[in-house]
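This report concerns only the one structure given below.
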Amino acid sequence: MALLLTPGQWGDAPQMIEVLDRIRVPRPLGGRPRTRPDHVSGDKAYSSRRNRSYLRRRDIRHTIPEPKDQRANRRRRGSAGGRPTGFDRDHYRRRNEVERTINRLKNSLAVATRYDKRAYVFHGTVTAAAIRLWLRQ
């Protein structure tokens, strides 16, 4: 799991690359940790050219729907617009698990209200709430 704290007015989609770069999964038998997920799912907000090219460059499969305006622009350009993006409905339906997990994190009053003055203290609060949630399951 990777956490990234940003000011409240920043969007989620521009932070996707930095969050993916923070992922480190240790291997059971030792060695270099895994840094590339098998699959990434997101909603239409994550469908920027920057995010898609990053996922393509790192060879990460993804399920991100293409917004209507991007689809229309691609079709308007004809063969120069490229191929349609792949979309797997079954993977997309499971995307709500992340939203539900974030809502469960907000059940912790300290995470929901955010009274901490310093970002590093709030980061520790969210980390502790995430560990508690993980141990419950």
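Lettering and numbering for the structure tokens are positional, with chains as A, B, ... in the shown order, residues counted from 1 in each chain, and ligands counted from 1 in the shown order.
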
Quick one: contact table of segment 56-132 of chain A to segment 43-48 of chain A, 12 Å max, nearest atom pair and distance in Å to one decimal per residue, counting only C-alpha atoms, chain and number order, as JSON lines?
{"residue": "A:His62", "atom": "CA", "partner": "A:Ser47", "partner_atom": "CA", "distance": 10.3}
{"residue": "A:Thr63", "atom": "CA", "partner": "A:Asp43", "partner_atom": "CA", "distance": 8.4}
{"residue": "A:Ile64", "atom": "CA", "partner": "A:Asp43", "partner_atom": "CA", "distance": 5.7}
{"residue": "A:Pro65", "atom": "CA", "partner": "A:Lys44", "partner_atom": "CA", "distance": 5.4}
{"residue": "A:Glu66", "atom": "CA", "partner": "A:Lys44", "partner_atom": "CA", "distance": 6.2}
{"residue": "A:Pro67", "atom": "CA", "partner": "A:Lys44", "partner_atom": "CA", "distance": 5.9}
{"residue": "A:Lys68", "atom": "CA", "partner": "A:Lys44", "partner_atom": "CA", "distance": 9.6}
{"residue": "A:Asp69", "atom": "CA", "partner": "A:Lys44", "partner_atom": "CA", "distance": 11.0}
{"residue": "A:Gln70", "atom": "CA", "partner": "A:Ser47", "partner_atom": "CA", "distance": 8.8}
{"residue": "A:Arg71", "atom": "CA", "partner": "A:Ser47", "partner_atom": "CA", "distance": 10.8}
{"residue": "A:Thr85", "atom": "CA", "partner": "A:Ser47", "partner_atom": "CA", "distance": 10.0}
{"residue": "A:Phe87", "atom": "CA", "partner": "A:Asp43", "partner_atom": "CA", "distance": 11.4}
{"residue": "A:Arg89", "atom": "CA", "partner": "A:Asp43", "partner_atom": "CA", "distance": 11.9}
{"residue": "A:His91", "atom": "CA", "partner": "A:Asp43", "partner_atom": "CA", "distance": 11.4}
{"residue": "A:Tyr92", "atom": "CA", "partner": "A:Asp43", "partner_atom": "CA", "distance": 8.2}
{"residue": "A:Arg93", "atom": "CA", "partner": "A:Asp43", "partner_atom": "CA", "distance": 10.4}
{"residue": "A:Arg94", "atom": "CA", "partner": "A:Asp43", "partner_atom": "CA", "distance": 11.3}
{"residue": "A:Arg95", "atom": "CA", "partner": "A:Asp43", "partner_atom": "CA", "distance": 8.1}
{"residue": "A:Asn96", "atom": "CA", "partner": "A:Asp43", "partner_atom": "CA", "distance": 9.8}
{"residue": "A:Val98", "atom": "CA", "partner": "A:Asp43", "partner_atom": "CA", "distance": 11.4}
{"residue": "A:Glu99", "atom": "CA", "partner": "A:Asp43", "partner_atom": "CA", "distance": 11.1}

DSSP strand (DSSP E) residues within segment 5-136 of chain A, listed as a short mmCIF file (atom, residue, chain, number, x, y, z; two decimals) with N, CA and C atoms, in the first residue's frame:
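Done, and the output landed in result-v8.cif:
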data_model
loop_
_atom_site.label_atom_id
_atom_site.label_comp_id
_atom_site.auth_asym_id
_atom_site.auth_seq_id
_atom_site.Cartn_x
_atom_site.Cartn_y
_atom_site.Cartn_z
N HIS A 39 -2.27 -5.00 -12.42
CA HIS A 39 -3.39 -4.33 -13.08
C HIS A 39 -3.77 -3.08 -12.30
N VAL A 40 -4.20 -2.04 -13.00
CA VAL A 40 -4.65 -0.79 -12.39
C VAL A 40 -6.05 -0.49 -12.91
N SER A 41 -6.96 -0.14 -12.00
CA SER A 41 -8.31 0.27 -12.39
C SER A 41 -8.56 1.68 -11.90
N ARG A 61 -1.10 -3.38 -17.26
CA ARG A 61 -2.45 -3.46 -17.81
C ARG A 61 -3.38 -2.58 -16.98
N HIS A 62 -4.38 -2.01 -17.64
CA HIS A 62 -5.27 -1.11 -16.92
C HIS A 62 -6.68 -1.19 -17.45
N THR A 63 -7.61 -0.82 -16.59
CA THR A 63 -9.02 -0.70 -16.95
C THR A 63 -9.46 0.69 -16.56
#

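For the atom pair formed by atom CA of Ala110 of chain A and atom CA of Trp10 of chain A, the distance is 20.8 Å, given to one decimal.
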
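The smallest atom-to-atom distance between Asp88 of chain A and any of A:Arg34, A:Gly42, A:Tyr115, A:Thr125, using only C-alpha atoms, is found for A:Gly42.
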
### Query
Within 9 Å of Ala119 of chain A, counting only C-alpha atoms, which residues qualify if same-chain residues fewer than 4 places away don't, as number ranges by chain?
A: 5-6, 123-124

For the residues selected in the previous step, produce a file with N, CA and C atoms as a CSV table (one decimal), in the first residue's frame.
chain,number,residue,atom,x,y,z
A,5,LEU,N,0.0,12.2,0.7
A,5,LEU,CA,-0.8,13.3,1.2
A,5,LEU,C,-0.6,14.5,0.4
A,6,THR,N,-1.7,15.2,0.0
A,6,THR,CA,-1.6,16.4,-0.8
A,6,THR,C,-2.6,17.4,-0.2
A,123,HIS,N,-0.2,11.7,8.4
A,123,HIS,CA,0.2,10.5,7.6
A,123,HIS,C,0.3,9.3,8.6
A,124,GLY,N,0.9,9.5,9.8
A,124,GLY,CA,1.0,8.5,10.8
A,124,GLY,C,-0.4,8.0,11.2

### Message
I need the residues of segment 26-121 of chain A that end up classed as helix (DSSP H, G or I) by DSSP on the backbone, written out as an NGL selection string.
### Response
:A and (44-46 or 49-57 or 68-76 or 78-81 or 89-93 or 96-105 or 109-113 or 119-121)

Could you save the residues just selected, with C-alpha atoms, as a PDB file, in the first residue's frame?
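Result file again-v2.pdb:
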ATOM      1  CA  LYS A  44     -12.784   8.359 -16.207  1.00  0.00           C
ATOM      2  CA  ALA A  45     -10.831  11.051 -14.338  1.00  0.00           C
ATOM      3  CA  TYR A  46      -7.671   8.919 -14.626  1.00  0.00           C
ATOM      4  CA  ARG A  49      -2.799  10.971 -21.928  1.00  0.00           C
ATOM      5  CA  ARG A  50      -0.039  11.272 -19.306  1.00  0.00           C
ATOM      6  CA  ASN A  51      -1.424   8.452 -17.148  1.00  0.00           C
ATOM      7  CA  ARG A  52      -2.123   6.149 -20.090  1.00  0.00           C
ATOM      8  CA  SER A  53       1.332   6.639 -21.604  1.00  0.00           C
ATOM      9  CA  TYR A  54       2.960   5.971 -18.209  1.00  0.00           C
ATOM     10  CA  LEU A  55       1.018   2.710 -17.809  1.00  0.00           C
ATOM     11  CA  ARG A  56       1.826   1.689 -21.384  1.00  0.00           C
ATOM     12  CA  ARG A  57       5.530   2.507 -20.946  1.00  0.00           C
ATOM     13  CA  LYS A  68     -16.919  10.519 -24.549  1.00  0.00           C
ATOM     14  CA  ASP A  69     -14.998  13.621 -25.596  1.00  0.00           C
ATOM     15  CA  GLN A  70     -11.696  11.705 -25.861  1.00  0.00           C
ATOM     16  CA  ARG A  71     -13.444   8.943 -27.773  1.00  0.00           C
ATOM     17  CA  ALA A  72     -14.973  11.469 -30.194  1.00  0.00           C
ATOM     18  CA  ASN A  73     -11.612  13.200 -30.733  1.00  0.00           C
ATOM     19  CA  ARG A  74      -9.917   9.878 -31.432  1.00  0.00           C
ATOM     20  CA  ARG A  75     -12.610   8.887 -33.942  1.00  0.00           C
ATOM     21  CA  ARG A  76     -12.495  12.296 -35.601  1.00  0.00           C
ATOM     22  CA  GLY A  78      -9.419   8.616 -38.093  1.00  0.00           C
ATOM     23  CA  SER A  79      -6.542   6.167 -38.371  1.00  0.00           C
ATOM     24  CA  ALA A  80      -4.174   8.770 -36.862  1.00  0.00           C
ATOM     25  CA  GLY A  81      -6.254   8.692 -33.671  1.00  0.00           C
ATOM     26  CA  ARG A  89     -16.187  -4.580 -17.414  1.00  0.00           C
ATOM     27  CA  ASP A  90     -15.459  -7.219 -14.752  1.00  0.00           C
ATOM     28  CA  HIS A  91     -12.308  -5.446 -13.571  1.00  0.00           C
ATOM     29  CA  TYR A  92     -14.108  -2.096 -13.649  1.00  0.00           C
ATOM     30  CA  ARG A  93     -16.888  -3.373 -11.393  1.00  0.00           C
ATOM     31  CA  ASN A  96     -15.563   0.235  -5.927  1.00  0.00           C
ATOM     32  CA  GLU A  97     -13.573  -1.861  -3.436  1.00  0.00           C
ATOM     33  CA  VAL A  98     -11.050   0.967  -3.184  1.00  0.00           C
ATOM     34  CA  GLU A  99     -13.800   3.520  -2.548  1.00  0.00           C
ATOM     35  CA  ARG A 100     -15.309   1.312   0.166  1.00  0.00           C
ATOM     36  CA  THR A 101     -11.904   0.877   1.818  1.00  0.00           C
ATOM     37  CA  ILE A 102     -11.370   4.645   1.913  1.00  0.00           C
ATOM     38  CA  ASN A 103     -14.813   5.029   3.469  1.00  0.00           C
ATOM     39  CA  ARG A 104     -13.862   2.448   6.111  1.00  0.00           C
ATOM     40  CA  LEU A 105     -10.719   4.449   6.840  1.00  0.00           C
ATOM     41  CA  LEU A 109     -12.659   9.873  13.662  1.00  0.00           C
ATOM     42  CA  ALA A 110      -9.081  11.179  13.554  1.00  0.00           C
ATOM     43  CA  VAL A 111      -8.873  10.431   9.814  1.00  0.00           C
ATOM     44  CA  ALA A 112     -12.291  11.888   9.004  1.00  0.00           C
ATOM     45  CA  THR A 113     -11.865  15.173  10.884  1.00  0.00           C
ATOM     46  CA  ALA A 119       1.166  16.477   7.537  1.00  0.00           C
ATOM     47  CA  TYR A 120       3.561  13.858   8.938  1.00  0.00           C
ATOM     48  CA  VAL A 121       1.343  13.410  12.018  1.00  0.00           C
TER      49      VAL A 121
END
